[in-house]
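File shown: input_33.cif. Contents: mmCIF, C-alpha atoms and all ligand atoms.
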```cif
data_protein
#
loop_
_atom_site.label_atom_id
_atom_site.label_comp_id
_atom_site.auth_asym_id
_atom_site.auth_seq_id
_atom_site.Cartn_x
_atom_site.Cartn_y
_atom_site.Cartn_z
CA MET A 1 -87.41 1.87 -13.51
CA LYS A 2 -85.90 -1.45 -12.42
CA ILE A 3 -83.90 -1.50 -9.21
CA GLY A 4 -81.49 -4.21 -8.04
CA PHE A 5 -80.76 -4.41 -4.29
CA ILE A 6 -78.03 -6.52 -2.67
CA GLY A 7 -77.74 -6.99 1.12
CA LEU A 8 -81.06 -7.15 2.95
CA GLY A 9 -79.99 -7.18 6.60
CA ASN A 10 -81.05 -4.89 9.46
CA MET A 11 -80.78 -1.87 7.17
CA GLY A 12 -81.32 -3.17 3.63
CA TYR A 13 -84.49 -5.14 4.39
CA PRO A 14 -86.58 -2.17 5.60
CA MET A 15 -85.04 0.05 2.88
CA VAL A 16 -86.36 -2.41 0.28
CA GLU A 17 -89.74 -2.50 2.03
CA ASN A 18 -89.97 1.28 1.69
CA LEU A 19 -89.04 1.17 -2.01
CA ILE A 20 -91.72 -1.48 -2.63
CA GLU A 21 -94.30 0.49 -0.66
CA ALA A 22 -93.54 3.47 -2.90
CA GLY A 23 -94.44 1.31 -5.91
CA LYS A 24 -90.91 0.53 -7.15
CA GLU A 25 -89.96 -2.74 -8.86
CA VAL A 26 -87.18 -4.18 -6.70
CA HIS A 27 -85.14 -7.25 -7.61
CA ALA A 28 -83.20 -8.42 -4.56
CA PHE A 29 -80.39 -10.76 -3.54
CA ASP A 30 -79.07 -11.67 -0.11
CA VAL A 31 -77.00 -14.73 0.79
CA SER A 32 -79.48 -15.35 3.64
CA GLY A 33 -82.35 -15.80 1.16
CA ASN A 34 -84.60 -13.61 3.32
CA TYR A 35 -86.83 -11.22 1.31
CA PRO A 36 -89.77 -8.95 2.11
CA ASP A 37 -93.13 -9.42 0.42
CA GLY A 38 -93.19 -7.84 -3.00
CA ALA A 39 -89.44 -8.14 -3.70
CA ILE A 40 -88.46 -10.20 -6.74
CA SER A 41 -85.84 -12.61 -5.42
CA CYS A 42 -82.78 -13.41 -7.53
CA SER A 43 -80.36 -16.32 -7.38
CA SER A 44 -77.09 -14.34 -7.34
CA ALA A 45 -75.59 -10.84 -7.23
CA GLY A 46 -74.86 -11.12 -10.97
CA ASP A 47 -78.48 -12.06 -11.66
CA VAL A 48 -79.84 -9.11 -9.64
CA SER A 49 -77.69 -6.56 -11.47
CA LYS A 50 -78.56 -7.52 -15.08
CA GLU A 51 -80.75 -5.06 -17.03
CA LYS A 52 -81.29 -2.71 -14.07
CA ASP A 53 -81.25 1.07 -14.11
CA ILE A 54 -79.87 1.28 -10.59
CA VAL A 55 -78.18 -1.29 -8.33
CA ILE A 56 -77.95 -0.55 -4.60
CA THR A 57 -75.70 -2.42 -2.17
CA MET A 58 -76.06 -2.40 1.65
CA LEU A 59 -73.34 -4.76 2.87
CA PRO A 60 -71.32 -5.31 6.06
CA SER A 61 -67.77 -4.38 4.96
CA GLY A 62 -65.48 -2.94 2.31
CA ALA A 63 -64.05 -6.39 1.50
CA ILE A 64 -67.54 -7.71 0.75
CA VAL A 65 -68.48 -4.59 -1.26
CA SER A 66 -65.28 -5.07 -3.35
CA ASP A 67 -66.09 -8.75 -4.00
CA VAL A 68 -69.71 -7.98 -4.90
CA ALA A 69 -68.60 -5.06 -7.12
CA ASN A 70 -66.27 -7.39 -9.05
CA GLU A 71 -69.15 -9.80 -9.46
CA ILE A 72 -71.83 -7.31 -10.59
CA ILE A 73 -69.97 -4.71 -12.68
CA PRO A 74 -69.55 -7.04 -15.70
CA PHE A 75 -73.32 -7.72 -15.67
CA MET A 76 -74.47 -4.11 -15.34
CA ASP A 77 -75.72 -2.22 -18.42
CA GLU A 78 -73.50 0.63 -19.62
CA GLY A 79 -74.88 3.92 -18.26
CA SER A 80 -76.58 2.31 -15.28
CA LEU A 81 -75.91 3.49 -11.72
CA PHE A 82 -74.22 1.63 -8.87
CA ALA A 83 -75.00 3.11 -5.43
CA ASP A 84 -73.22 1.68 -2.41
CA CYS A 85 -74.94 2.61 0.88
CA SER A 86 -72.67 0.49 3.10
CA THR A 87 -70.19 2.11 5.51
CA ILE A 88 -66.75 1.20 4.17
CA GLU A 89 -63.17 2.50 3.88
CA VAL A 90 -62.83 5.81 2.00
CA ASP A 91 -60.11 4.38 -0.28
CA THR A 92 -62.20 1.28 -1.09
CA ALA A 93 -65.13 3.51 -2.09
CA ILE A 94 -62.83 5.55 -4.36
CA ARG A 95 -61.30 2.40 -5.89
CA VAL A 96 -64.71 0.82 -6.60
CA SER A 97 -65.93 4.11 -8.11
CA LYS A 98 -62.95 4.17 -10.50
CA ILE A 99 -63.58 0.57 -11.60
CA ALA A 100 -67.30 1.27 -12.08
CA GLN A 101 -66.63 4.44 -14.07
CA SER A 102 -64.03 2.74 -16.26
CA ASN A 103 -66.76 0.23 -17.13
CA GLY A 104 -69.14 2.98 -18.23
CA LEU A 105 -71.22 3.10 -15.02
CA ASP A 106 -72.16 5.94 -12.71
CA PHE A 107 -71.13 5.32 -9.08
CA ILE A 108 -71.99 6.98 -5.82
CA ASP A 109 -71.09 6.20 -2.22
CA ALA A 110 -74.12 6.95 -0.03
CA PRO A 111 -73.60 5.76 3.56
CA VAL A 112 -76.37 6.49 6.02
CA SER A 113 -77.02 7.67 9.52
CA GLY A 114 -80.17 6.86 11.48
CA GLY A 115 -79.84 3.14 12.20
CA SER A 116 -82.43 0.42 11.71
CA LEU A 117 -85.19 2.62 13.19
CA GLY A 118 -84.46 5.32 10.61
CA ALA A 119 -84.35 2.66 7.88
CA LYS A 120 -87.82 1.40 8.91
CA ALA A 121 -89.26 4.91 9.21
CA GLY A 122 -87.70 6.05 5.91
CA THR A 123 -85.94 8.90 7.71
CA LEU A 124 -82.27 8.02 7.09
CA THR A 125 -79.71 10.72 6.39
CA PHE A 126 -77.78 9.88 3.20
CA MET A 127 -74.28 11.34 2.76
CA VAL A 128 -73.55 11.15 -0.93
CA GLY A 129 -70.22 11.23 -2.74
CA GLY A 130 -69.99 11.27 -6.53
CA GLU A 131 -70.74 13.25 -9.67
CA GLU A 132 -73.54 15.83 -9.51
CA THR A 133 -75.43 14.10 -12.36
CA ALA A 134 -75.32 10.73 -10.58
CA PHE A 135 -76.48 12.42 -7.37
CA HIS A 136 -79.54 13.91 -9.09
CA ARG A 137 -80.28 10.58 -10.71
CA ILE A 138 -80.40 8.68 -7.39
CA LYS A 139 -81.87 11.46 -5.22
CA PRO A 140 -85.58 10.63 -5.80
CA LEU A 141 -84.96 7.04 -4.69
CA LEU A 142 -82.96 8.11 -1.64
CA GLU A 143 -85.83 10.44 -0.73
CA ILE A 144 -88.09 7.39 -0.43
CA MET A 145 -85.70 5.80 2.09
CA GLY A 146 -84.45 8.94 3.81
CA GLY A 147 -85.32 12.31 5.28
CA LYS A 148 -82.12 14.20 4.47
CA ILE A 149 -80.06 13.70 1.34
CA ILE A 150 -76.77 15.63 1.33
CA HIS A 151 -74.39 15.79 -1.62
CA CYS A 152 -70.96 15.89 0.04
CA GLY A 153 -68.82 16.18 -3.12
CA HIS A 154 -66.42 13.87 -4.97
CA SER A 155 -66.37 10.06 -4.77
CA GLY A 156 -65.57 8.85 -1.26
CA SER A 157 -66.75 12.08 0.39
CA GLY A 158 -69.93 10.41 1.65
CA GLN A 159 -67.74 7.92 3.52
CA VAL A 160 -65.54 10.76 4.84
CA ALA A 161 -68.61 12.57 6.21
CA LYS A 162 -69.94 9.36 7.78
CA ILE A 163 -66.74 8.43 9.65
CA CYS A 164 -66.15 12.01 10.80
CA ASN A 165 -69.73 12.19 12.10
CA ASN A 166 -69.37 8.92 13.97
CA MET A 167 -65.96 9.87 15.36
CA ILE A 168 -67.67 12.92 16.91
CA LEU A 169 -70.54 10.76 18.18
CA GLY A 170 -68.24 8.05 19.63
CA SER A 171 -66.23 10.69 21.49
CA THR A 172 -69.19 12.76 22.72
CA ILE A 173 -71.15 9.81 24.05
CA ILE A 174 -68.17 8.79 26.21
CA ALA A 175 -67.73 12.37 27.47
CA THR A 176 -71.50 12.58 28.14
CA CYS A 177 -71.47 9.31 30.10
CA GLU A 178 -68.51 10.51 32.19
CA ALA A 179 -70.27 13.80 32.95
CA TYR A 180 -73.42 12.03 34.22
CA VAL A 181 -71.42 9.67 36.44
CA LEU A 182 -69.31 12.56 37.78
CA ALA A 183 -72.40 14.69 38.48
CA LYS A 184 -74.00 11.90 40.49
CA LYS A 185 -70.78 11.36 42.50
CA LEU A 186 -70.88 15.08 43.30
CA ASN A 187 -74.55 14.83 44.36
CA LEU A 188 -76.11 16.53 41.35
CA ASP A 189 -79.30 14.85 40.08
CA HIS A 190 -79.19 13.42 36.59
CA GLU A 191 -82.47 15.16 35.72
CA VAL A 192 -81.02 18.54 36.68
CA LEU A 193 -77.85 17.91 34.68
CA PHE A 194 -79.96 17.00 31.64
CA GLU A 195 -82.01 20.18 31.99
CA VAL A 196 -78.86 22.30 32.17
CA VAL A 197 -76.72 20.57 29.53
CA SER A 198 -79.54 20.22 27.00
CA GLN A 199 -79.89 24.03 27.03
CA SER A 200 -76.23 24.96 27.50
CA SER A 201 -72.99 24.77 25.56
CA GLY A 202 -72.44 21.08 26.43
CA TYR A 203 -75.49 20.04 24.41
CA SER A 204 -75.13 17.42 21.74
CA TRP A 205 -77.20 14.77 19.98
CA ALA A 206 -75.69 12.23 22.43
CA ASN A 207 -77.13 14.17 25.35
CA ASN A 208 -80.30 15.78 24.00
CA VAL A 209 -81.67 12.94 21.88
CA TYR A 210 -79.81 9.84 23.06
CA CYS A 211 -79.25 10.38 26.77
CA PRO A 212 -77.36 7.31 28.05
CA LEU A 213 -79.42 6.96 31.24
CA PRO A 214 -82.98 5.61 31.46
CA GLY A 215 -85.87 7.96 32.21
CA ILE A 216 -84.03 11.09 31.14
CA GLY A 217 -84.75 13.03 27.95
CA PRO A 218 -86.55 11.54 24.94
CA HIS A 219 -87.02 7.75 24.74
CA SER A 220 -83.68 6.16 23.83
CA PRO A 221 -82.06 2.69 23.96
CA ALA A 222 -81.24 3.36 27.65
CA ASP A 223 -85.02 3.09 28.21
CA ASN A 224 -85.04 -0.28 26.45
CA ASP A 225 -82.31 -2.15 28.38
CA TYR A 226 -79.70 -0.76 25.96
CA LYS A 227 -80.92 -2.90 23.06
CA PRO A 228 -79.67 -1.30 19.81
CA GLY A 229 -80.36 1.25 18.29
CA PHE A 230 -76.83 1.32 17.00
CA SER A 231 -74.63 -1.43 18.40
CA ALA A 232 -71.27 -0.94 20.12
CA ALA A 233 -69.77 -3.30 17.49
CA LEU A 234 -70.93 -0.99 14.66
CA MET A 235 -69.60 2.05 16.53
CA LEU A 236 -66.22 0.27 16.85
CA LYS A 237 -66.32 -0.57 13.14
CA ASP A 238 -66.85 3.11 12.21
CA LEU A 239 -64.21 4.35 14.68
CA LEU A 240 -61.69 1.88 13.23
CA LEU A 241 -62.53 3.20 9.75
CA SER A 242 -61.90 6.76 10.99
CA GLN A 243 -58.52 5.71 12.42
CA LYS A 244 -57.54 3.93 9.19
CA ALA A 245 -58.47 7.06 7.22
CA SER A 246 -56.59 9.38 9.57
CA GLU A 247 -53.44 7.25 9.11
CA THR A 248 -53.66 7.69 5.33
CA VAL A 249 -53.28 11.47 5.73
CA GLY A 250 -50.85 11.33 8.66
CA PHE A 251 -53.18 13.17 11.04
CA ASN A 252 -53.39 11.92 14.61
CA THR A 253 -56.99 12.19 15.84
CA GLU A 254 -56.26 11.76 19.55
CA MET A 255 -59.85 11.85 20.82
CA GLY A 256 -60.94 9.54 18.02
CA ALA A 257 -58.11 7.13 18.88
CA GLN A 258 -59.12 7.12 22.55
CA ALA A 259 -62.76 6.50 21.69
CA THR A 260 -61.66 3.64 19.43
CA ASP A 261 -59.62 2.03 22.25
CA TYR A 262 -62.57 2.49 24.61
CA TYR A 263 -65.00 0.70 22.26
CA ARG A 264 -62.43 -1.96 21.35
CA LYS A 265 -62.09 -2.90 25.03
CA PHE A 266 -65.84 -2.63 25.61
CA CYS A 267 -66.55 -5.01 22.71
CA GLU A 268 -63.77 -7.41 23.75
CA GLU A 269 -65.55 -7.65 27.10
CA GLY A 270 -68.58 -9.07 25.30
CA ASN A 271 -70.72 -5.94 24.93
CA GLY A 272 -70.64 -5.60 21.13
CA ASP A 273 -74.34 -6.42 20.71
CA MET A 274 -75.47 -3.78 23.23
CA ASP A 275 -76.36 -0.26 22.16
CA PHE A 276 -73.26 1.95 22.02
CA SER A 277 -74.68 4.20 24.79
CA SER A 278 -74.30 1.29 27.24
CA VAL A 279 -70.64 2.34 27.71
CA ILE A 280 -72.02 4.13 30.77
CA LEU A 281 -72.71 0.82 32.56
CA PRO A 282 -69.10 -0.11 33.44
CA MET A 283 -68.53 3.50 34.58
CA LEU A 284 -71.44 3.18 37.00
CA GLU A 285 -70.15 -0.20 38.22
CA LYS A 286 -66.59 1.03 38.64
CA GLN A 287 -67.77 3.99 40.64
CA PRO A 288 -70.51 2.70 42.97
CA GLU A 289 -72.44 5.29 44.94
P1 LIG A 301 -76.37 -6.72 8.45
O1 LIG A 301 -75.23 -7.62 8.79
O2 LIG A 301 -77.63 -6.78 9.26
O3 LIG A 301 -76.79 -6.95 6.91
C1 LIG A 301 -75.88 -7.22 5.88
C2 LIG A 301 -76.58 -8.19 4.91
O4 LIG A 301 -75.69 -8.46 3.85
C3 LIG A 301 -76.92 -9.53 5.55
O5 LIG A 301 -78.30 -9.81 5.38
C4 LIG A 301 -76.04 -10.53 4.81
O6 LIG A 301 -76.65 -11.81 4.65
C5 LIG A 301 -75.83 -9.82 3.48
N1 LIG A 301 -74.64 -10.23 2.77
C6 LIG A 301 -73.38 -10.41 3.25
N2 LIG A 301 -72.55 -10.76 2.27
C7 LIG A 301 -73.28 -10.79 1.13
C8 LIG A 301 -72.98 -11.08 -0.22
N3 LIG A 301 -71.74 -11.41 -0.63
N4 LIG A 301 -73.98 -11.03 -1.13
C9 LIG A 301 -75.25 -10.72 -0.75
N5 LIG A 301 -75.60 -10.43 0.53
C10 LIG A 301 -74.63 -10.48 1.44
O7 LIG A 301 -75.79 -5.25 8.45
P2 LIG A 301 -76.63 -3.89 8.56
O8 LIG A 301 -76.79 -3.54 9.98
O9 LIG A 301 -77.80 -3.97 7.67
O10 LIG A 301 -75.55 -2.85 7.98
C11 LIG A 301 -75.31 -2.73 6.59
C12 LIG A 301 -74.36 -1.57 6.37
O11 LIG A 301 -74.95 -0.38 6.88
C13 LIG A 301 -73.02 -1.72 7.11
O12 LIG A 301 -71.99 -1.25 6.28
C14 LIG A 301 -73.20 -0.88 8.36
O13 LIG A 301 -71.97 -0.38 8.85
C15 LIG A 301 -74.08 0.24 7.84
N6 LIG A 301 -74.91 0.89 8.86
C16 LIG A 301 -75.60 0.15 9.76
C17 LIG A 301 -76.37 0.79 10.72
C18 LIG A 301 -77.18 0.00 11.73
O14 LIG A 301 -77.68 0.61 12.71
N7 LIG A 301 -77.36 -1.32 11.58
C19 LIG A 301 -76.44 2.20 10.75
C20 LIG A 301 -75.74 2.93 9.80
C21 LIG A 301 -74.97 2.26 8.85
#
```
As C-alpha cells - that is how I would like this structure written.
Ligand code: NAD
Amino acid sequence: MKIGFIGLGNMGYPMVENLIEAGKEVHAFDVSGNYPDGAISCSSAGDVSKEKDIVITMLPSGAIVSDVANEIIPFMDEGSLFADCSTIEVDTAIRVSKIAQSNGLDFIDAPVSGGSLGAKAGTLTFMVGGEETAFHRIKPLLEIMGGKIIHCGHSGSGQVAKICNNMILGSTIIATCEAYVLAKKLNLDHEVLFEVVSQSSGYSWANNVYCPLPGIGPHSPADNDYKPGFSAALMLKDLLLSQKASETVGFNTEMGAQATDYYRKFCEEGNGDMDFSSVILPMLEKQPE
C-alpha cells in the first residue's frame, strides 16, 4: 500500500514517523521541506497524491485544506481514499467530501484529539466522519497512529464531534481554574480541592488529568511552565469553529461563546503560544492572596 501524506508539522511529522516505523511506504510533502527519516519526499502536493491508495492531510486550516484538495483531487486515482485529519469547519469538510466523491474518491474527515504528545506516542483519538466502507478501509492505518478510532457517522460528523468536545474542554478548564482560585481565596488547599473534585461530581478531564496548577494531580503542562501541550491559540481556533457551526444552525451556545471570548482576549494579550491551561495565571494575578 502506498500512502501520500501532506502537512508534516507538530502533528503530521510524528504521525508519519509512526507509519514508517510500522513498515508503511510514505510519500510526503510539506511546504517547509522538513521530513523524517524514511519518508519519500515529493516536490508538490500533486506529486505526492499520484498513484497512491490513500492520501492523508494534516493542515492548519479549512482554507488550506480546500486549496490542497483542489490541487490533489485531479491527480488521485479513481477509487483511492482521501483522509483529512485537520481540524476544520464542518461545512468545508462536507464540501470537500462532495467534490472528492464526485471525482470517484472515498473521503473521510478524521480530526484528532491528544495533541503532539499523543501524535508521538501513537495514542491519538480519531473521530471519523464518512461512509462505513471508507472507515473500515482507513481504520488499520489510524490504529497505527491512534489509540481510539471512533466512527461518528456521515461526512463532517468527525469535525462536529471534535468541536463539541473542545467546546466542553474550553469551558470546563475555565470553570476549573476559577474553582481553584476561589478555593484558595477561601483558605482551602489546592491539594484538598483536587482530592475532593477528582472523586466527586465536579470531576472532568480538565481537573483529573490536566490540573491547571503545578504539583497537583498527574504531570501536566502546568508542571512544565505551561509549555504546550495544546496551545491557547489552537483552543481559540477550535472554539471559533464551534461558534461558526452553532451560527449555521441558529443555536446560541452561551458557555461556548463566553469561553471563546475568554480565549480571544487571552490570545490578544500575547498568550497564544502558552498551553491553554495557563488561563489560570491572570486569575491568580488579578486576585492576589
Ligand atoms: P502545524 O502548523 O504545526 O503544521 C501544519 C503543517 O502544514 C506545517 O508543517 C506547514 O508547513 C504545512 N503546510 C501548510 N500549508 C501547506 C500546504 N499548502 N501544503 C503542504 N504543507 C502545508 O499544525 P499542527 O499543530 O500540526 O496541526 C495540524 C492540524 O491538527 C490543525 O488543523 C490543528 O488544529 C489540528 N490539531 C492540532 C493539535 C496540536 O496539539 N497541535 C491537536 C489536535 C488537532
Mind giving me the axis-aligned box for ligand LIG 301 (chain A) with 3 Å on every side, centre plus edges in Å to one decimal, as AutoDock Vina command-line options?
```
--center_x -75.0 --center_y -4.4 --center_z 5.8 --size_x 12.6 --size_y 20.7 --size_z 19.8
```
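Using only C-alpha atoms and all ligand atoms, the nearest neighbour of ligand LIG 301 (chain A) within the list A:Glu285, A:Asp275, A:Asp189, A:Glu254 is A:Asp275.
Closest approach to ligand LIG 301 (chain A) among A:Glu143, A:Glu78, A:Asp109, A:Asp225 is made by A:Asp109 (distances from all atoms listed in the file).
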(request) For atom CA of A:Gly7 and atom CA of A:Lys52, quote the distance in Å rounded to one decimal. (result) 16.2 Å
(message) Rounded to one decimal, what separation in Å do you get between atom CA of A:Ala161 and atom CA of A:Gly104?
(response)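 Value for the atom CA of A:Ala161-atom CA of A:Gly104 distance: 26.3 Å.
If you look at atom CA of A:Met145 and atom CA of A:Met274, they are 25.4 Å away from each other.
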(request) Select, from A:Asn166, A:Gln243, A:Asn103, A:Ser204, the residue with the minimum atom-to-atom distance to A:Ala257, counting all atoms listed in the file. (result)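 Between A:Asn166, A:Gln243, A:Asn103, A:Ser204, the residue approaching A:Ala257 most closely is A:Gln243.
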(request) May I have the residues within 8 Å of ligand LIG 301 (chain A), computed using all atoms listed in the file, as a ChimeraX atom specification? (result) /A:6-13,29-34,44-45,58-62,64-65,67-68,85-88,111-117,228-231,234,237-238
(message) For A:Val128, find every residue with an atom within 12 Å (counting all atoms listed in the file), except residues of its own chain fewer than 2 positions away, and show them as number ranges by chain.
(response) A: 83-87, 93, 107-113, 125-126, 130-139, 142, 148-162
(message) Can you pull out the residues contacting A:Asn18? Cut-off 12 Å, using only C-alpha atoms, and skip same-chain residues under 2 positions away; I want them as a PyMOL selection string.
(response) chain A and resi 11-16+20-26+36-39+118-124+141-146
(request) Tell me which protein, DNA and RNA residues are within 9 Å of A:His190, counting all atoms listed in the file, leaving out same-chain ones fewer than 3 positions away, and put them as an MDAnalysis selection string. (result) chainID A and resid 180:181 183:184 193:195 213 216
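Distances here use only C-alpha atoms; by that measure, the residue among A:Ile72, A:Ile40, A:Val279, A:Ile56 closest to A:Glu178 is A:Val279.
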(request) Can you work out which one of A:Met127, A:Leu188, A:Ile94, A:Leu281 has the shortest atom-to-atom distance to A:Tyr226, counting only C-alpha atoms? (result)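 The answer is A:Leu281, which sits nearest to A:Tyr226.
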(message) From the options A:Ala100, A:Val90, A:Ala206, A:Ala232, which residue's atoms come nearest to A:Cys164, counting all atoms listed in the file?
(response)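 The answer is A:Val90, which sits nearest to A:Cys164.
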(message) What's around A:Val55 at 7 Å? Count only C-alpha atoms, leave out sequence neighbours fewer than 6 positions away in its own chain, and write the answer as a PyMOL selection string.
(response) chain A and resi 3-5+49+81-83
Given the selection you just returned, output its residues as a file containing C-alpha atoms, formatted as a compact mmCIF listing (two decimals), in the frame of the given file.
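So the final result, stored in result.txt, reads:
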```txt
# COMPACT_ATOMS: atom_id res chain seq x y z
CA ILE A 3 -83.90 -1.50 -9.21
CA GLY A 4 -81.49 -4.21 -8.04
CA PHE A 5 -80.76 -4.41 -4.29
CA SER A 49 -77.69 -6.56 -11.47
CA LEU A 81 -75.91 3.49 -11.72
CA PHE A 82 -74.22 1.63 -8.87
CA ALA A 83 -75.00 3.11 -5.43
```
List as a compact mmCIF listing (two decimals) with C-alpha atoms, keeping the file's coordinate frame the protein and nucleic acid residues near A:Ser102, meaning an atom at most 12 Å away when all atoms listed in the file are counted, but skip any in the same chain fewer than 3 places from it.
```
# COMPACT_ATOMS: atom_id res chain seq x y z
CA ILE A 73 -69.97 -4.71 -12.68
CA PRO A 74 -69.55 -7.04 -15.70
CA GLU A 78 -73.50 0.63 -19.62
CA GLY A 79 -74.88 3.92 -18.26
CA ARG A 95 -61.30 2.40 -5.89
CA VAL A 96 -64.71 0.82 -6.60
CA SER A 97 -65.93 4.11 -8.11
CA LYS A 98 -62.95 4.17 -10.50
CA ILE A 99 -63.58 0.57 -11.60
CA LEU A 105 -71.22 3.10 -15.02
CA ASP A 106 -72.16 5.94 -12.71
CA PHE A 107 -71.13 5.32 -9.08
```
(request) Give as a ChimeraX atom specification each residue that has an atom at most 6 Å from (-63.5, 9.1, 22.3) in the file, counting only C-alpha atoms. (result) /A:170-171,255-256,258-259
